[in-house]
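K.L.:
Below is the file protein10.txt, which contains compact mmCIF, C-alpha atoms.
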```txt
# COMPACT_ATOMS: atom_id res chain seq x y z
CA MET Z 1 156.02 170.58 14.15
CA LEU Z 2 153.61 170.90 17.00
CA THR Z 3 153.83 174.22 18.73
CA VAL Z 4 152.34 174.99 22.10
CA THR Z 5 149.41 177.31 21.71
CA PRO Z 6 147.19 178.91 24.36
CA HIS Z 7 144.60 176.28 23.55
CA HIS Z 8 146.79 173.56 25.01
CA PHE Z 9 147.25 175.49 28.21
CA LEU Z 10 143.53 176.13 28.45
CA ILE Z 11 142.62 172.48 27.86
CA LEU Z 12 145.07 171.46 30.56
CA ALA Z 13 143.62 174.05 32.92
CA PHE Z 14 140.10 172.77 32.32
CA LEU Z 15 141.29 169.20 32.87
CA LEU Z 16 142.80 170.24 36.19
CA VAL Z 17 139.50 171.84 37.20
CA GLY Z 18 137.67 168.68 36.14
CA ILE Z 19 139.96 166.37 38.08
CA GLY Z 20 139.61 168.57 41.14
CA PHE Z 21 135.83 168.53 40.77
CA LEU Z 22 135.90 164.74 40.46
CA GLY Z 23 137.88 164.48 43.66
CA LEU Z 24 135.49 166.84 45.40
CA LEU Z 25 132.52 164.69 44.38
CA VAL Z 26 134.02 161.26 44.85
CA ARG Z 27 136.16 161.38 47.98
CA ARG Z 28 134.67 160.91 51.44
CA ASN Z 29 137.71 162.13 53.32
CA VAL Z 30 137.32 165.86 53.97
CA LEU Z 31 141.10 166.29 53.92
CA LEU Z 32 141.23 164.95 50.37
CA MET Z 33 138.26 167.12 49.41
CA LEU Z 34 140.17 170.20 50.53
CA MET Z 35 143.13 169.03 48.47
CA SER Z 36 140.91 168.65 45.40
CA LEU Z 37 139.68 172.19 45.98
CA GLU Z 38 143.30 173.33 45.80
CA LEU Z 39 143.68 171.48 42.50
CA MET Z 40 140.66 173.31 41.08
CA LEU Z 41 142.11 176.64 42.15
CA ASN Z 42 145.37 175.70 40.44
CA GLY Z 43 143.57 174.98 37.20
CA ILE Z 44 141.88 178.36 37.40
CA ASN Z 45 145.28 179.96 37.99
CA VAL Z 46 146.71 178.36 34.86
CA ALA Z 47 143.76 179.57 32.78
CA LEU Z 48 144.02 183.09 34.19
CA LEU Z 49 147.73 183.29 33.50
CA THR Z 50 147.25 182.02 29.95
CA PHE Z 51 144.67 184.69 29.23
CA SER Z 52 146.89 187.24 30.93
CA LYS Z 53 149.76 186.45 28.62
CA VAL Z 54 147.66 186.23 25.49
CA GLY Z 55 145.95 189.51 26.21
CA ASN Z 56 149.29 191.11 27.12
CA ASN Z 57 147.79 192.35 30.36
CA LEU Z 58 149.25 191.86 33.82
CA ASP Z 59 145.91 192.03 35.64
CA GLY Z 60 145.43 188.26 35.33
CA GLY Z 61 148.82 187.59 36.87
CA ILE Z 62 148.05 189.84 39.80
CA PHE Z 63 144.73 188.06 40.23
CA VAL Z 64 146.61 184.76 40.40
CA PHE Z 65 148.64 186.28 43.23
CA PHE Z 66 145.46 187.14 45.13
CA ILE Z 67 143.95 183.70 44.51
CA MET Z 68 147.09 182.14 46.02
CA THR Z 69 146.75 184.36 49.09
CA VAL Z 70 143.10 183.50 49.59
CA ALA Z 71 143.77 179.78 49.01
CA ALA Z 72 146.50 179.70 51.64
CA ALA Z 73 144.22 181.40 54.19
CA GLU Z 74 141.35 179.09 53.26
CA VAL Z 75 143.48 175.98 53.76
CA ALA Z 76 144.66 177.17 57.17
CA VAL Z 77 141.14 177.89 58.40
CA GLY Z 78 139.71 174.73 56.81
CA LEU Z 79 142.31 172.48 58.41
CA ALA Z 80 141.79 174.12 61.82
CA LEU Z 81 138.05 173.50 61.49
CA LEU Z 82 138.77 169.93 60.46
CA VAL Z 83 140.94 169.33 63.50
CA ALA Z 84 138.23 170.78 65.74
CA LEU Z 85 135.64 168.52 64.10
CA TYR Z 86 137.92 165.51 64.43
CA LYS Z 87 138.29 166.12 68.14
CA LYS Z 88 134.50 166.11 68.42
CA ARG Z 89 133.45 163.39 65.97
CA ASN Z 90 136.62 161.29 65.88
CA SER Z 91 136.38 160.97 62.12
CA VAL Z 92 137.37 162.86 58.99
CA LEU Z 93 134.78 161.28 56.71
CA SER Z 94 132.14 163.60 55.35
CA ASP Z 95 129.43 161.01 56.10
CA ASP Z 96 130.02 161.54 59.79
CA MET Z 97 129.70 165.30 59.45
CA ALA Z 98 126.23 165.29 57.91
CA TYR Z 99 124.56 166.33 61.14
CA LEU Z 100 124.91 169.57 63.03
CA LYS Z 101 124.39 167.83 66.36
CA ASN Z 102 125.52 164.41 67.39
CA MET A 103 145.79 161.77 43.27
CA VAL A 104 142.04 161.49 43.41
CA PHE A 105 141.96 157.71 43.51
CA SER A 106 144.84 156.87 45.80
CA LYS A 107 143.76 155.12 48.97
CA ASN A 108 146.48 156.41 51.24
CA PRO A 109 146.13 160.15 52.01
CA VAL A 110 149.91 160.55 52.22
CA THR A 111 150.27 159.11 48.71
CA ALA A 112 147.59 161.52 47.52
CA ALA A 113 149.50 164.41 49.08
CA MET A 114 152.71 163.33 47.35
CA PHE A 115 150.92 163.20 43.98
CA MET A 116 149.44 166.60 44.78
CA ILE A 117 152.94 168.02 45.34
CA ILE A 118 154.03 166.61 41.97
CA SER A 119 151.09 168.26 40.21
CA LEU A 120 151.70 171.56 42.01
CA VAL A 121 155.32 171.59 40.88
CA GLY A 122 154.07 170.77 37.38
CA VAL A 123 151.80 173.80 37.52
CA ALA A 124 154.82 175.86 38.59
CA ALA A 125 156.63 174.59 35.49
CA LEU A 126 153.66 175.71 33.40
CA PHE A 127 153.96 179.15 34.97
CA VAL A 128 157.60 179.22 33.84
CA LEU A 129 156.46 178.31 30.34
CA LEU A 130 154.04 181.23 30.52
CA ASP A 131 156.93 183.57 31.36
CA SER A 132 155.69 184.26 34.89
CA PHE A 133 158.80 183.38 36.84
CA PHE A 134 157.76 185.24 39.97
CA LEU A 135 154.47 183.38 40.16
CA ALA A 136 156.26 180.08 39.58
CA VAL A 137 158.56 180.74 42.52
CA LEU A 138 155.57 181.80 44.58
CA GLN A 139 153.70 178.64 43.59
CA VAL A 140 156.51 176.40 44.78
CA LEU A 141 157.00 178.38 48.00
CA VAL A 142 153.36 178.78 48.97
CA TYR A 143 151.75 175.59 47.69
CA ALA A 144 154.46 172.94 47.66
CA GLY A 145 156.22 174.53 50.61
CA ALA A 146 153.58 175.74 53.00
CA VAL A 147 150.16 174.38 52.08
CA MET A 148 151.22 170.80 51.45
CA VAL A 149 153.37 170.74 54.59
CA LEU A 150 150.26 171.86 56.47
CA PHE A 151 148.25 169.09 54.82
CA LEU A 152 150.83 166.43 55.64
CA PHE A 153 151.10 167.72 59.19
CA ILE A 154 147.34 167.43 59.66
CA ILE A 155 147.31 163.97 58.04
CA MET A 156 149.89 162.80 60.52
CA LEU A 157 148.27 164.64 63.45
CA LEU A 158 144.88 163.07 62.80
CA ASP A 159 146.52 159.74 61.98
CA VAL A 160 144.44 159.19 58.85
CA GLY A 161 146.47 156.26 57.66
CA PRO A 162 145.32 153.62 55.21
CA ASP A 163 144.14 151.52 58.15
CA VAL A 164 141.62 154.18 59.15
CA ALA A 165 140.46 154.55 55.55
CA LYS A 166 140.21 150.82 55.10
CA GLN A 167 136.73 151.14 53.66
CA LYS A 168 136.36 152.08 50.04
CA ILE A 169 137.05 155.69 49.18
CA THR A 170 133.52 155.99 47.85
CA HIS A 171 130.44 154.07 46.90
CA TRP A 172 130.63 152.87 43.31
CA ARG A 173 127.39 154.61 42.36
CA PHE A 174 128.72 157.93 43.58
CA GLY A 175 131.97 157.15 41.78
CA ILE A 176 130.24 156.68 38.44
CA LEU A 177 128.07 159.73 39.03
CA GLY A 178 131.14 161.79 39.91
CA VAL A 179 133.04 160.67 36.82
CA LEU A 180 130.03 161.49 34.65
CA LEU A 181 129.47 164.92 36.21
CA SER A 182 133.09 165.98 36.10
CA SER A 183 133.59 164.79 32.52
CA LEU A 184 130.46 166.74 31.64
CA LEU A 185 132.03 169.79 33.29
CA VAL A 186 135.27 169.33 31.32
CA VAL A 187 133.41 168.87 28.02
CA VAL A 188 131.29 171.96 28.63
CA LEU A 189 134.33 174.01 29.62
CA ILE A 190 136.33 172.94 26.58
CA SER A 191 133.48 173.46 24.16
CA LEU A 192 132.42 176.83 25.56
CA GLY A 193 135.52 178.19 27.25
CA LEU A 194 137.97 177.95 24.37
CA PRO A 195 137.88 181.18 22.42
CA SER A 196 137.85 180.65 18.68
CA ASP A 197 140.28 183.46 18.07
CA PHE A 198 142.55 185.59 20.16
CA SER A 199 142.61 189.34 19.53
CA GLY A 200 141.17 189.15 16.04
CA ALA A 201 143.82 186.86 14.65
CA ASN A 202 142.69 183.43 13.55
CA ASN A 203 145.74 181.56 14.75
CA PRO A 204 146.07 181.40 18.51
CA SER A 205 149.62 182.50 19.08
CA TRP A 206 151.54 184.40 21.69
CA PRO A 207 151.81 188.16 21.31
CA VAL A 208 155.15 189.87 21.29
CA LEU A 209 156.00 190.91 24.81
CA SER A 210 157.53 194.18 25.75
CA ASP A 211 159.32 194.90 28.98
CA ALA A 212 157.96 198.40 29.22
CA ILE A 213 155.86 199.23 32.26
CA SER A 214 152.93 201.34 31.20
CA SER A 215 153.07 204.72 32.86
CA GLY A 216 149.36 205.21 33.27
CA SER A 217 147.51 202.95 35.67
CA GLU A 218 144.85 202.24 33.06
CA SER A 219 146.29 198.98 31.77
CA LEU A 220 149.28 197.00 32.94
CA LEU A 221 151.25 195.29 30.22
CA PHE A 222 152.30 191.70 30.71
CA SER A 223 155.93 191.55 31.66
CA THR A 224 158.38 188.97 32.91
CA LYS A 225 159.89 191.44 35.32
CA VAL A 226 159.03 191.35 38.99
CA SER A 227 159.16 195.14 39.09
CA ALA A 228 156.14 195.32 36.79
CA PHE A 229 154.33 193.04 39.20
CA GLY A 230 155.20 195.21 42.17
CA TYR A 231 154.27 198.33 40.26
CA GLY A 232 150.83 196.91 39.54
CA LEU A 233 150.35 195.78 43.12
CA MET A 234 151.32 199.14 44.54
CA THR A 235 149.31 201.33 42.19
CA LYS A 236 146.22 199.80 40.68
CA TYR A 237 145.77 197.07 43.30
CA MET A 238 146.64 199.02 46.42
CA LEU A 239 143.31 198.46 48.17
CA PRO A 240 143.02 194.75 47.28
CA ILE A 241 146.49 194.00 48.61
CA GLN A 242 145.66 195.75 51.88
CA ILE A 243 142.42 193.78 52.13
CA ALA A 244 144.34 190.56 51.39
CA GLY A 245 146.81 191.32 54.16
CA PHE A 246 144.00 192.05 56.57
CA MET A 247 142.29 188.82 55.55
CA LEU A 248 145.46 186.86 56.29
CA LEU A 249 145.57 188.47 59.74
CA ILE A 250 141.92 187.59 60.35
CA SER A 251 142.43 183.98 59.28
CA MET A 252 145.48 183.70 61.53
CA VAL A 253 143.51 184.96 64.52
CA GLY A 254 140.65 182.65 63.60
CA VAL A 255 142.88 179.60 63.42
CA ILE A 256 144.47 180.43 66.77
CA ILE A 257 141.07 180.83 68.42
CA LEU A 258 139.76 177.61 66.85
CA SER A 259 142.67 175.49 68.00
CA LYS A 260 142.82 177.12 71.42
CA LYS A 261 139.22 176.27 72.26
CA VAL A 262 139.78 172.66 71.33
CA ALA A 263 142.92 172.47 73.44
CA ARG A 264 141.08 173.65 76.51
CA GLY A 265 138.35 171.11 75.92
CA GLU A 266 135.53 173.64 75.85
CA ASP A 267 132.36 173.10 73.92
CA VAL A 268 132.99 174.52 70.47
```
Before we go any further, please render this structure as structure tokens.
P.N.:
Amino acid sequence: MLTVTPHHFLILAFLLVGIGFLGLLVRRNVLLMLMSLELMLNGINVALLTFSKVGNNLDGGIFVFFIMTVAAAEVAVGLALLVALYKKRNSVLSDDMAYLKN
Amino acid sequence: MVFSKNPVTAAMFMIISLVGVAALFVLLDSFFLAVLQVLVYAGAVMVLFLFIIMLLDVGPDVAKQKITHWRFGILGVLLSSLLVVVLISLGLPSDFSGANNPSWPVLSDAISSGSESLLFSTKVSAFGYGLMTKYMLPIQIAGFMLLISMVGVIILSKKVARGEDV
């Protein structure tokens, strides 16, 4: 019978990081890029929690808590910046944000 | 999620994967973090994303053009699969805590009295104990950072509303 080992959790976490990285590289919509960033952070959270449980140490779990806090703040600020940029450039594509000035 | 044309569809897939991650947290015996994951990510962050998608009106008609150039697509797939392969080949430890079979340790519900090492526990009280003793300064810094980001967001959106030069 197949039992779930930490290896499975870790492989899934790495896959989540990889999918998030793929989205970050491939998408042109900055909104979707931010979402992919969230997916990467989630993969890291899964890996941290797996190590936390295997090592019988709560520090990893608490670190997951802090990562969630920072991610929420980052999303709020990033979306506010995106709205400000959209008002200026009228686009959310990263191609149109390649220049500092118009 | 990465390859869906419509941003709203992508957000819905994202919510599904976030809830899936919350289920994984339950499997890892971290019930508090699972609840937090659903509340913070699926509840707050994705609502924010959907709100911005609808505010900016980034429908499929705006994103009519391809999501990416095919060369960048192939390059991205190659790079990210390289990342996954490297992570799996290097990041997987061959053995956990000396034992050859990777298996879960026996958990105890005891909260360690000294602040040297916190034992993994399913109880929320262990979590709060760790936050209030060993991680007192980080939690204060995190709270301050949330305040700063809130002020920053308010200032950013206020300037735009008044039509000033950002």
K.L.:
Could you pull the residues within 9 Å of Leu194 (chain A), counting all atoms listed in the file, minus those fewer than 6 positions along the same chain, as a list in words?
P.N.:
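Close residues of Leu194 (chain A): His7, Leu10 and Ile11 of chain Z.
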K.L.:
Do you know which residues are at most 12 Å from Ala146 (chain A) counting only C-alpha atoms, after dropping those on the same chain fewer than 6 positions away, and could you put them as a PyMOL selection string?
P.N.:
(chain Z and resi 68-69+71-73+75-76) or (chain A and resi 117+120+138-140+152-153)
K.L.:
Please list as an mmCIF file with C-alpha atoms, in the coordinates of the input every residue within 9 Å of Ala13 (chain Z), counting only C-alpha atoms and excluding residues in the same chain fewer than 6 positions away.
P.N.:
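Contents of out-v4.cif, as written:
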```cif
data_model
loop_
_atom_site.group_PDB
_atom_site.id
_atom_site.type_symbol
_atom_site.label_atom_id
_atom_site.label_comp_id
_atom_site.auth_asym_id
_atom_site.auth_seq_id
_atom_site.Cartn_x
_atom_site.Cartn_y
_atom_site.Cartn_z
ATOM 1 C CA MET Z 40 140.660 173.310 41.080
ATOM 2 C CA ASN Z 42 145.370 175.700 40.440
ATOM 3 C CA GLY Z 43 143.570 174.980 37.200
ATOM 4 C CA ILE Z 44 141.880 178.360 37.400
ATOM 5 C CA ASN Z 45 145.280 179.960 37.990
ATOM 6 C CA VAL Z 46 146.710 178.360 34.860
ATOM 7 C CA ALA Z 47 143.760 179.570 32.780
#
```
K.L.:
When you count only C-alpha atoms, which of these residues is closest to Ala144 (chain A): Z:Ile62, Z:Gly55, Z:Glu38, Z:Tyr99?
P.N.:
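The closest residue to Ala144 (chain A) is Z:Glu38.
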K.L.:
Here is a test: counting all atoms listed in the file, which residue of A:Phe246, A:Asp159, A:Ile256, A:Ser191 is nearest to Tyr86 (chain Z)?
P.N.:
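Using all atoms listed in the file, the shortest distance to Tyr86 (chain Z) belongs to A:Asp159.
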K.L.:
Kindly reconstruct region 142-155 of chain A with N, CA and C atoms and present the result as a CSV table (one decimal), in the frame of the given file.
P.N.:
```csv
chain,number,residue,atom,x,y,z
A,142,VAL,N,154.6,178.7,48.2
A,142,VAL,CA,153.4,178.8,49.0
A,142,VAL,C,152.7,177.4,49.0
A,143,TYR,N,152.5,176.8,47.8
A,143,TYR,CA,151.8,175.6,47.7
A,143,TYR,C,152.6,174.4,48.1
A,144,ALA,N,153.7,174.1,47.3
A,144,ALA,CA,154.5,172.9,47.7
A,144,ALA,C,155.2,173.1,49.0
A,145,GLY,N,155.5,174.3,49.4
A,145,GLY,CA,156.2,174.5,50.6
A,145,GLY,C,155.3,174.6,51.8
A,146,ALA,N,154.3,175.5,51.8
A,146,ALA,CA,153.6,175.7,53.0
A,146,ALA,C,152.3,174.9,53.1
A,147,VAL,N,151.5,175.0,52.0
A,147,VAL,CA,150.2,174.4,52.1
A,147,VAL,C,150.3,172.9,52.2
A,148,MET,N,151.2,172.3,51.4
A,148,MET,CA,151.2,170.8,51.4
A,148,MET,C,151.9,170.3,52.7
A,149,VAL,N,152.8,171.1,53.3
A,149,VAL,CA,153.4,170.7,54.6
A,149,VAL,C,152.3,170.8,55.6
A,150,LEU,N,151.4,171.8,55.5
A,150,LEU,CA,150.3,171.9,56.5
A,150,LEU,C,149.4,170.6,56.3
A,151,PHE,N,149.1,170.3,55.1
A,151,PHE,CA,148.2,169.1,54.8
A,151,PHE,C,148.9,167.8,55.4
A,152,LEU,N,150.2,167.6,55.1
A,152,LEU,CA,150.8,166.4,55.6
A,152,LEU,C,150.9,166.4,57.2
A,153,PHE,N,151.1,167.6,57.7
A,153,PHE,CA,151.1,167.7,59.2
A,153,PHE,C,149.8,167.3,59.8
A,154,ILE,N,148.7,167.8,59.1
A,154,ILE,CA,147.3,167.4,59.7
A,154,ILE,C,147.1,165.9,59.4
A,155,ILE,N,147.5,165.4,58.3
A,155,ILE,CA,147.3,164.0,58.0
A,155,ILE,C,148.0,163.2,59.1
```
